[in-house]
Structure formats: C-alpha cells, structure tokens
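Read the structure below first, then the notes.
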Amino acid sequence: MNILDGKALSQKIKEEVKLEVQKLQDEKKITPGLAVILVGNDPASAAYVSMKSKSCKDAGIYSIVHEMPETISQEAILDILAMMNKNPNIDGILVQLPLPQHIDTTAILEAIDPAKDVDGFHAYNVGRMTSGLDGFIPATPYGVMELLKEYNIDPQGKDVCVVGASNIVGKPMGTLLLNANATVTTCHIFTKDLKAHTLKADIICVGVGVVNLIKEDMVKEGAIVIDIGINRLENGKLVGDVDYEKVAPKCSYITPVPGGVGPMTIAMLLKNTIKAAKLRENREKK
C-alpha cells in the first residue's frame with residue numbers, strides 16, 4: 001500500500017506558483033489578484049477562506065476577502081461581482097459555497113466573468129471541460145488528476161467508480177476521468193447497490209461527506225482509493241468517507257485524510273489564479 005501524499009505535492013506546486021508570480025512581476029509588472037466573497041459566518045467556510053488567503057500571501061498573490069452578512073441581498077452580491085469583473089487588478093474571483101438559502105447560487109456563479117472564474121463553476125468553463133477544451137477546471141478534481149499524474153497512475157482503460165454527483169466534485173471528477181479515457185461509473189444517493197459498483201472498480205473516488213461509507217468489503221484487492229470526503233468527528237478528529245484503517249491494507253494506493261486531496265484543492269486554486277493572471281493582457285486588449 002502506497003500513500004498518495006497530497007501535502008507534499010501541494011507544497012511543490014505552491015513553490016512553482018511562487019516562481020510564476022515572481023516571473024509575472026518581473027517580466028509583465030503583473031501581481032496576480034484573487035477576490036473571495038464570503039457570505040455569512042459558517043465556521044468551516046471561514047476557516048477554508050482563511051487558508052486560501054494565507055496560501056495566496058505565501059505565494060505573493062494579492063488577495064482580498066469580501067465578508068458579507070448572512071442577510072445580504074442577491075442584488076448586493078451581484079453588484080460587487082460586477083465591480084470585481086471590471087477591476088483590472090483582480091484576475092480571479094471565487095464565491096465561497098454554500099450560500100444562504102435565499103440566494104440563487106446559479107445566478108451568482110453565472111455572473112462571474114468566465115475569464116476570472118478560477119473555481120471553474122461557470123457554465124462556460126463546465127462546457128469547455130466537458131468538451132475537452134482548455135478552460136478553468138474545478139480545483140478539487142483538478143487536484144486529484146495532478147495527484148494521479150505525480151504517481152504515474154494512468155486512468156486510461158481503467159474502471160473508475162466516482163461516488164458522489166455534485167457539480168463541485170463528482171460530475172467534474174467523472175468528466176476529467178472520462179477525458180483521460182477511463183471507463184467511468186457515477187454513483188449517488190439513489191444508486192441501488194453501491195458495493196456492486198465499487199467492488200469492480202480499479203479506482204474509487206469518493207466525496208459525499210459520509211463517515212466510513214466505503215468499507216473493506218466494498219474494495220477489491222489492489223484498488224486505488226481517492227478519498228475526497230472531509231468530516232469532523234465529535235472528538236474533533238478529521239476523517240474522510242473511507243474506513244481508512246481497514247481499507248488501506250487492500251489498496252495499491254490511497255489518499256489519507258487529512259493530507260491527501262485537501263491540500264491539493266488550494267494548490268490548484270493558486271494555479272488557476274496564475275492562469276487567469278496570464279490572460280490579463282488579453283482582457284486589457286479587448
């Protein structure tokens with residue numbers, strides 16, 4: 001059993017990003033800028049945004065967080081997004097999800113300039129990803145693909161089971177693996193017999209937020225398990241969606257939680273921000 005070490009790879013990518021930032025500053029006089037919208041006071045969202053801000057600062061990326069009250073109107077958020085779309089110093093815009101129930105998440109995400117959509121959630125970028133064209137890829141599945149690449153794991157021809165069908169993780173994960181010529185089965189809450197699908201898989205990717213969803217008898221010998229889930233137990237311990245202690249001995253490769261996919265998400269967000277900064281010249285010419 002081998003550990004897919006997302007923490008180590010994320011550090012490597014962050015160092016590469018830092019060099020890219022320096023190069024942009026030296027050659028183009030551009031400092032990449034990332035704006036984050038945080039609505040409400042969800043502790044998990046606030047902690048995640050704080051980690052993003054720290055990573056930006058470490059890499060030399062200009063970062064600003066717009067903190068908004070839970071009761072803010074949709075129109076007010078749209079106004080701020082319009083302002084950010086026009087701001088030439090902001091290369092990347094992301095809205096921390098989930099948003100309060102009175103806000104139409106789709107309308108908010110669609111209001112972001114696709115050239116600044118570093119989360120890859122705008123329908124334009126989703127369409128380009130589905131078509132195998134260049135665009136912004138959602139950071140978490142992008143991070144999984146980079147992990148597989150780092151460990152020379154080629155999905156081509158492999159049977160892959162993606163457990164979870166969210167727009168943020170499950171659907172783009174399945175799309176990227178399909179683009180990499182894997183045979184992909186997507187499972188979700190309405191799947192009749194999850195075990196029947198996971199047991200056949202060479203690679204299992206799971207991200208639904210259910211502790212110990214993937215058990216030892218659901219994984220075949222030598223499988224590769226990518227645990228994208230993150231759950232906090234009552235004792236404060238962070239765990240994924242896989243019963244790690246029992247499943248790990250059966251795997252050829254497995255991601256730990258924490259230290260697997262989580263750190264990769266922020267690293268790939270920084271990478272997307274650099275990509276957006278490189279598009280700045282094109283935006284300015286328009």
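Naming scheme: A, B, ... for chains in displayed order of the structure tokens; residues 1 onward per chain; ligands 1 onward as shown.
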
Shell of 10 Å around Ser53 in chain A, only C-alpha atoms, local chain residues under 2 positions omitted, as a ChimeraX atom specification: /A:34-36,47-51,55-59,61-65,266

Using backbone DSSP assignments, extract all helix (DSSP H, G or I) residues from range 145-233 of chain A; output them as number ranges by chain. A: 145-150, 170-179, 194-198, 216-218

Please provide the set of residues having any atom within 9 Å of Glu16 in chain A, restricted to only C-alpha atoms, with same-chain residues fewer than 5 positions apart removed, written as a list in words.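 Contacts, with the query itself left out: Gln11, Val21 and Lys271 of chain A.
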
Which residues, written as a ChimeraX atom specification, have at least one atom at most 12 Å from Glu20 in chain A, with only C-alpha atoms counted and residues fewer than 6 positions away on the same chain left out? /A:13-14,26-28,30-32,59-61,270-275,277-278

Mind checking which residues fall within 7 Å of Ile137 in chain A, counting only C-alpha atoms, ignoring those fewer than 5 positions away in the same chain, and posting them as a PyMOL selection string? chain A and resi 119-120+129+142

What is the distance, in Å and to one decimal place, between CA of Glu221 in chain A and CA of Tyr244 in chain A? 14.3 Å
